[in-house]
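Raw structure-v5.cif, mmCIF, C-alpha atoms:
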```cif
data_protein
loop_
_atom_site.label_atom_id
_atom_site.label_comp_id
_atom_site.auth_asym_id
_atom_site.auth_seq_id
_atom_site.Cartn_x
_atom_site.Cartn_y
_atom_site.Cartn_z
CA MET N 764 0.00 0.00 0.00
CA ALA N 765 2.83 2.38 0.90
CA PHE N 766 4.57 1.56 -2.38
CA LEU N 767 1.47 2.43 -4.35
CA LEU N 768 0.99 5.70 -2.46
CA ILE N 769 4.61 6.76 -2.93
CA THR N 770 4.63 5.77 -6.60
CA GLY N 771 1.41 7.68 -7.17
CA ALA N 772 2.84 10.73 -5.43
CA PHE N 773 5.99 10.58 -7.59
CA ILE N 774 3.94 10.35 -10.78
CA TYR N 775 1.63 13.20 -9.75
CA LEU N 776 4.43 15.51 -8.60
CA ASN N 777 6.63 14.73 -11.61
CA SER N 778 3.79 15.51 -14.00
CA HIS N 779 3.01 18.87 -12.34
CA TYR N 780 6.55 20.13 -11.52
CA LYS N 781 9.80 20.31 -13.52
CA ASN N 782 12.05 17.88 -11.64
CA ILE N 783 11.12 16.78 -8.14
CA PHE N 784 14.26 14.65 -7.79
CA GLN N 785 16.44 17.75 -8.00
CA PHE N 786 13.98 19.65 -5.80
CA ASP N 787 12.94 21.88 -8.68
CA PHE N 788 9.25 22.49 -7.89
CA THR N 789 8.59 25.10 -10.54
CA PRO N 790 5.24 24.38 -12.19
CA ILE N 791 5.21 23.03 -15.70
CA LYS N 792 3.35 25.07 -18.25
CA LYS N 793 1.07 22.65 -20.02
CA LYS N 794 1.13 22.86 -23.76
CA THR N 795 -2.04 22.18 -25.62
CA ILE N 796 -1.75 20.09 -28.70
CA LYS N 797 -4.22 20.90 -31.42
CA THR N 798 -5.27 18.06 -33.59
CA SER N 799 -5.90 18.64 -37.22
CA SER N 800 -9.33 17.11 -37.10
CA PRO N 801 -11.43 16.03 -34.16
CA ILE N 802 -12.74 13.10 -36.18
CA SER N 803 -9.35 11.34 -36.39
CA GLY N 804 -8.95 11.45 -32.58
CA GLY N 805 -12.41 9.98 -32.15
CA ALA N 806 -11.65 7.30 -34.72
CA GLN N 807 -8.54 6.30 -32.87
CA LEU N 808 -10.52 6.13 -29.64
CA THR N 809 -13.12 3.82 -31.13
CA GLU N 810 -10.36 1.61 -32.60
CA LEU N 811 -8.76 1.41 -29.19
CA LYS N 812 -12.06 0.54 -27.55
CA SER N 813 -12.79 -2.19 -30.05
CA TYR N 814 -9.27 -3.62 -29.60
CA PHE N 815 -9.73 -3.82 -25.83
CA GLN N 816 -13.21 -5.28 -26.13
CA ASN N 817 -12.34 -7.92 -28.68
CA GLU N 818 -8.67 -8.77 -29.08
CA PHE N 819 -7.16 -7.85 -25.72
CA LYS N 820 -10.00 -9.45 -23.74
CA ARG N 821 -9.70 -12.70 -25.71
CA GLU N 822 -5.89 -12.85 -25.37
CA PHE N 823 -6.10 -12.07 -21.67
CA PHE N 824 -8.58 -14.86 -20.98
CA ASP N 825 -6.57 -17.30 -23.14
CA SER N 826 -3.46 -16.61 -21.07
CA LEU N 827 -5.44 -17.13 -17.86
CA LYS N 828 -6.72 -20.48 -19.17
CA VAL N 829 -3.16 -21.59 -19.87
CA LEU N 830 -2.20 -20.76 -16.29
CA MET N 831 -5.20 -22.60 -14.80
CA VAL N 832 -4.86 -25.83 -16.86
CA ASP N 833 -4.30 -28.99 -14.86
CA LYS N 834 -0.62 -29.88 -15.20
CA ARG N 835 -1.12 -33.59 -14.51
CA THR N 836 -2.16 -34.25 -18.11
CA ASP N 837 1.20 -33.13 -19.44
CA THR N 838 2.96 -35.92 -21.38
CA VAL N 839 6.32 -35.18 -19.79
CA TYR N 840 5.01 -36.29 -16.41
CA ALA N 841 3.02 -39.22 -17.77
CA SER N 842 6.01 -41.42 -18.72
CA LYS N 843 8.65 -42.56 -16.27
CA PRO N 844 12.25 -42.65 -17.41
CA ASP N 845 14.02 -45.99 -17.42
CA SER N 846 15.93 -46.05 -14.15
CA SER N 847 18.33 -48.81 -15.22
CA ALA N 848 19.64 -46.67 -18.09
CA LEU N 849 20.18 -43.77 -15.69
CA MET N 850 21.98 -46.01 -13.21
CA ASP N 851 24.23 -47.37 -15.96
CA SER N 852 25.17 -43.87 -17.07
CA VAL N 853 25.84 -42.82 -13.46
CA LYS N 854 28.09 -45.87 -12.96
CA SER N 855 30.00 -45.13 -16.16
CA LEU N 856 30.46 -41.51 -15.08
CA LYS N 857 31.73 -42.61 -11.66
CA LEU N 858 34.17 -45.01 -13.31
CA ALA N 859 35.45 -42.30 -15.67
CA LEU N 860 35.83 -39.89 -12.74
CA GLN N 861 37.75 -42.47 -10.73
CA GLN N 862 40.10 -43.20 -13.66
CA THR N 863 40.71 -39.50 -14.19
CA SER N 864 41.49 -38.92 -10.51
CA GLU N 865 43.90 -41.89 -10.50
CA GLU N 866 45.67 -40.46 -13.55
CA LEU N 867 45.96 -37.06 -11.86
CA ILE N 868 47.41 -38.66 -8.73
CA LYS N 869 49.91 -40.59 -10.84
CA GLN N 870 50.93 -37.42 -12.70
CA ASN N 871 51.37 -35.54 -9.40
CA ASP N 872 53.55 -38.35 -8.05
CA GLU N 873 55.68 -38.29 -11.21
CA LYS N 874 56.10 -34.51 -10.88
CA LYS N 875 57.14 -34.87 -7.24
CA THR N 876 59.72 -37.54 -8.02
CA ALA N 877 61.06 -35.47 -10.92
CA LYS N 878 61.43 -32.46 -8.60
CA GLU N 879 63.12 -34.61 -5.95
CA ASN N 880 65.50 -36.06 -8.52
CA ALA N 881 66.35 -32.59 -9.79
CA LYS N 882 66.92 -31.37 -6.25
CA SER N 883 69.09 -34.34 -5.35
CA LYS N 884 71.09 -33.79 -8.55
CA GLU N 885 71.58 -30.13 -7.63
CA ASP N 886 72.59 -31.17 -4.12
CA SER N 887 75.11 -33.70 -5.42
CA ILE N 888 76.60 -31.09 -7.77
CA TYR N 889 76.82 -28.59 -4.90
CA ASN N 890 78.41 -31.16 -2.57
CA ALA N 891 81.01 -32.06 -5.20
CA TRP N 892 81.83 -28.37 -5.66
CA VAL N 893 82.16 -27.86 -1.89
CA GLU N 894 84.55 -30.83 -1.61
CA LYS N 895 86.77 -29.61 -4.45
CA THR N 896 86.75 -26.01 -3.21
CA SER N 897 87.54 -26.97 0.40
CA LYS N 898 90.56 -29.04 -0.74
CA LEU N 899 91.75 -26.08 -2.77
CA TYR N 900 91.44 -23.69 0.20
CA GLU N 901 93.20 -26.19 2.52
CA SER N 902 96.27 -25.97 0.33
CA MET N 903 96.23 -22.14 0.35
CA ASP N 904 97.68 -19.74 2.90
CA PRO N 905 95.11 -19.47 5.77
CA ASP N 906 95.05 -15.65 5.61
CA LYS N 907 94.21 -15.56 1.88
CA ALA N 908 91.74 -18.44 2.16
CA ALA N 909 89.95 -16.60 5.02
CA LYS N 910 89.55 -13.49 2.85
CA ILE N 911 88.05 -15.51 0.00
CA ILE N 912 85.78 -17.63 2.21
CA GLY N 913 84.61 -14.47 4.00
CA SER N 914 83.19 -13.19 0.72
CA TYR N 915 80.79 -16.18 0.46
CA SER N 916 77.43 -16.25 2.19
CA ASP N 917 77.43 -17.70 5.70
CA ASN N 918 75.85 -20.98 4.61
CA VAL N 919 78.34 -21.60 1.80
CA ALA N 920 81.28 -20.57 4.00
CA ARG N 921 80.03 -22.93 6.73
CA ASP N 922 79.76 -25.84 4.27
CA ILE N 923 83.28 -25.21 2.96
CA ILE N 924 84.82 -24.94 6.45
CA TYR N 925 83.06 -28.04 7.78
CA SER N 926 84.17 -30.12 4.78
CA MET N 927 87.85 -29.31 5.50
CA ARG N 928 90.18 -31.14 7.86
CA LYS N 929 89.96 -29.80 11.40
CA LYS N 930 93.46 -28.37 11.51
CA SER N 931 93.08 -26.41 8.24
CA ALA N 932 89.61 -25.19 9.22
CA ALA N 933 90.92 -23.98 12.60
CA GLU N 934 93.75 -22.06 10.97
CA ILE N 935 91.37 -20.34 8.55
CA LEU N 936 88.81 -19.56 11.29
CA SER N 937 91.55 -17.98 13.39
CA GLN N 938 92.02 -15.39 10.62
CA PHE N 939 88.38 -14.19 10.94
CA ASN N 940 87.33 -11.66 13.54
CA PRO N 941 85.46 -13.35 16.44
CA GLU N 942 82.03 -12.12 15.33
CA THR N 943 82.38 -13.50 11.80
CA ALA N 944 83.81 -16.80 13.05
CA ASN N 945 80.94 -17.15 15.50
CA ARG N 946 78.38 -16.36 12.80
CA ILE N 947 79.87 -18.90 10.36
CA THR N 948 80.22 -21.72 12.89
CA ARG N 949 76.75 -21.21 14.33
CA ALA N 950 74.47 -24.25 13.91
CA LYS N 951 72.28 -24.44 10.81
#
```
Take the structure I supplied and represent it as structure tokens, if you would.
Amino acid sequence: MAFLLITGAFIYLNSHYKNIFQFDFTPIKKKTIKTSSPISGGAQLTELKSYFQNEFKREFFDSLKVLMVDKRTDTVYASKPDSSALMDSVKSLKLALQQTSEELIKQNDEKKTAKENAKSKEDSIYNAWVEKTSKLYESMDPDKAAKIIGSYSDNVARDIIYSMRKKSAAEILSQFNPETANRITRAK
């Protein structure tokens, strides 16, 4: 009811004032439209009346009949689908879904093993490099080796020092200042 009242008020105010939404309540000057002949306006009115009396009324009642028809006579509801065919299709879909999920799991496992193999290969390459480099630094002067090892990151320097013999590692560590030596020898 409130909606109808408000809508009616909007229509009334908007037809009598310029723009009520911008709070412009200046009255509208109504223009009169002169028709060329009063007969043509009357003819249109009678055509409109006859349309509403004949065509519109018939179409309206036809649409109401369609809405009120008993739906139980519809042929779609009269026949039951074959449930065994539906069950077979559901089973085949489940089987296809299961096969697809197994394939995805297998592909994920293959990707994981490939990543692990690549990582282990990288680790083995790194470990071989650390062994060769540590032997090279063992044979160098401890002061020069300490300067070079100090330029590596702490993790790489730690790996190199721990792969050396204890005596050579101690000589090189003695060349570092105490803070750097402590930082490098700290546990991983």
What is the distance, in Å and to one decimal place, between atom CA of N:Ala765 and atom CA of N:Asp787?
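Atom-to-atom, atom CA of N:Ala765 to atom CA of N:Asp787, that is 24.0 Å.
You will find atom CA of N:Met927 at 8.0 Å from atom CA of N:Glu894.
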One-decimal distance in Å that lies between atom CA of N:Glu885 and atom CA of N:Pro905
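These atoms are spaced 29.1 Å apart.
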Selected residue, from N:Glu901, N:Glu866, N:Asp917, N:Glu934, that lies nearest to N:Arg946 when counting all atoms listed in the file:
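Counting all atoms listed in the file, the residue closest to N:Arg946 is N:Asp917.
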Spatial sel., origin (88.7, -25.0, 8.2), limit 12 Å, only C-alpha atoms, listed as a ChimeraX atom specification
/N:896-906,908-909,912,920-939,944,947-948
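The smallest atom-to-atom distance between N:Thr943 and any of N:Lys857, N:Ser887, N:Asp872, N:Ser914, using all atoms listed in the file, is found for N:Ser914.
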Using only C-alpha atoms, which of the listed residues (N:Ala859, N:Ala881, N:Phe766, N:Lys792) sits closest to N:Ser778?
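Among N:Ala859, N:Ala881, N:Phe766, N:Lys792, it is N:Lys792 that comes nearest to N:Ser778.
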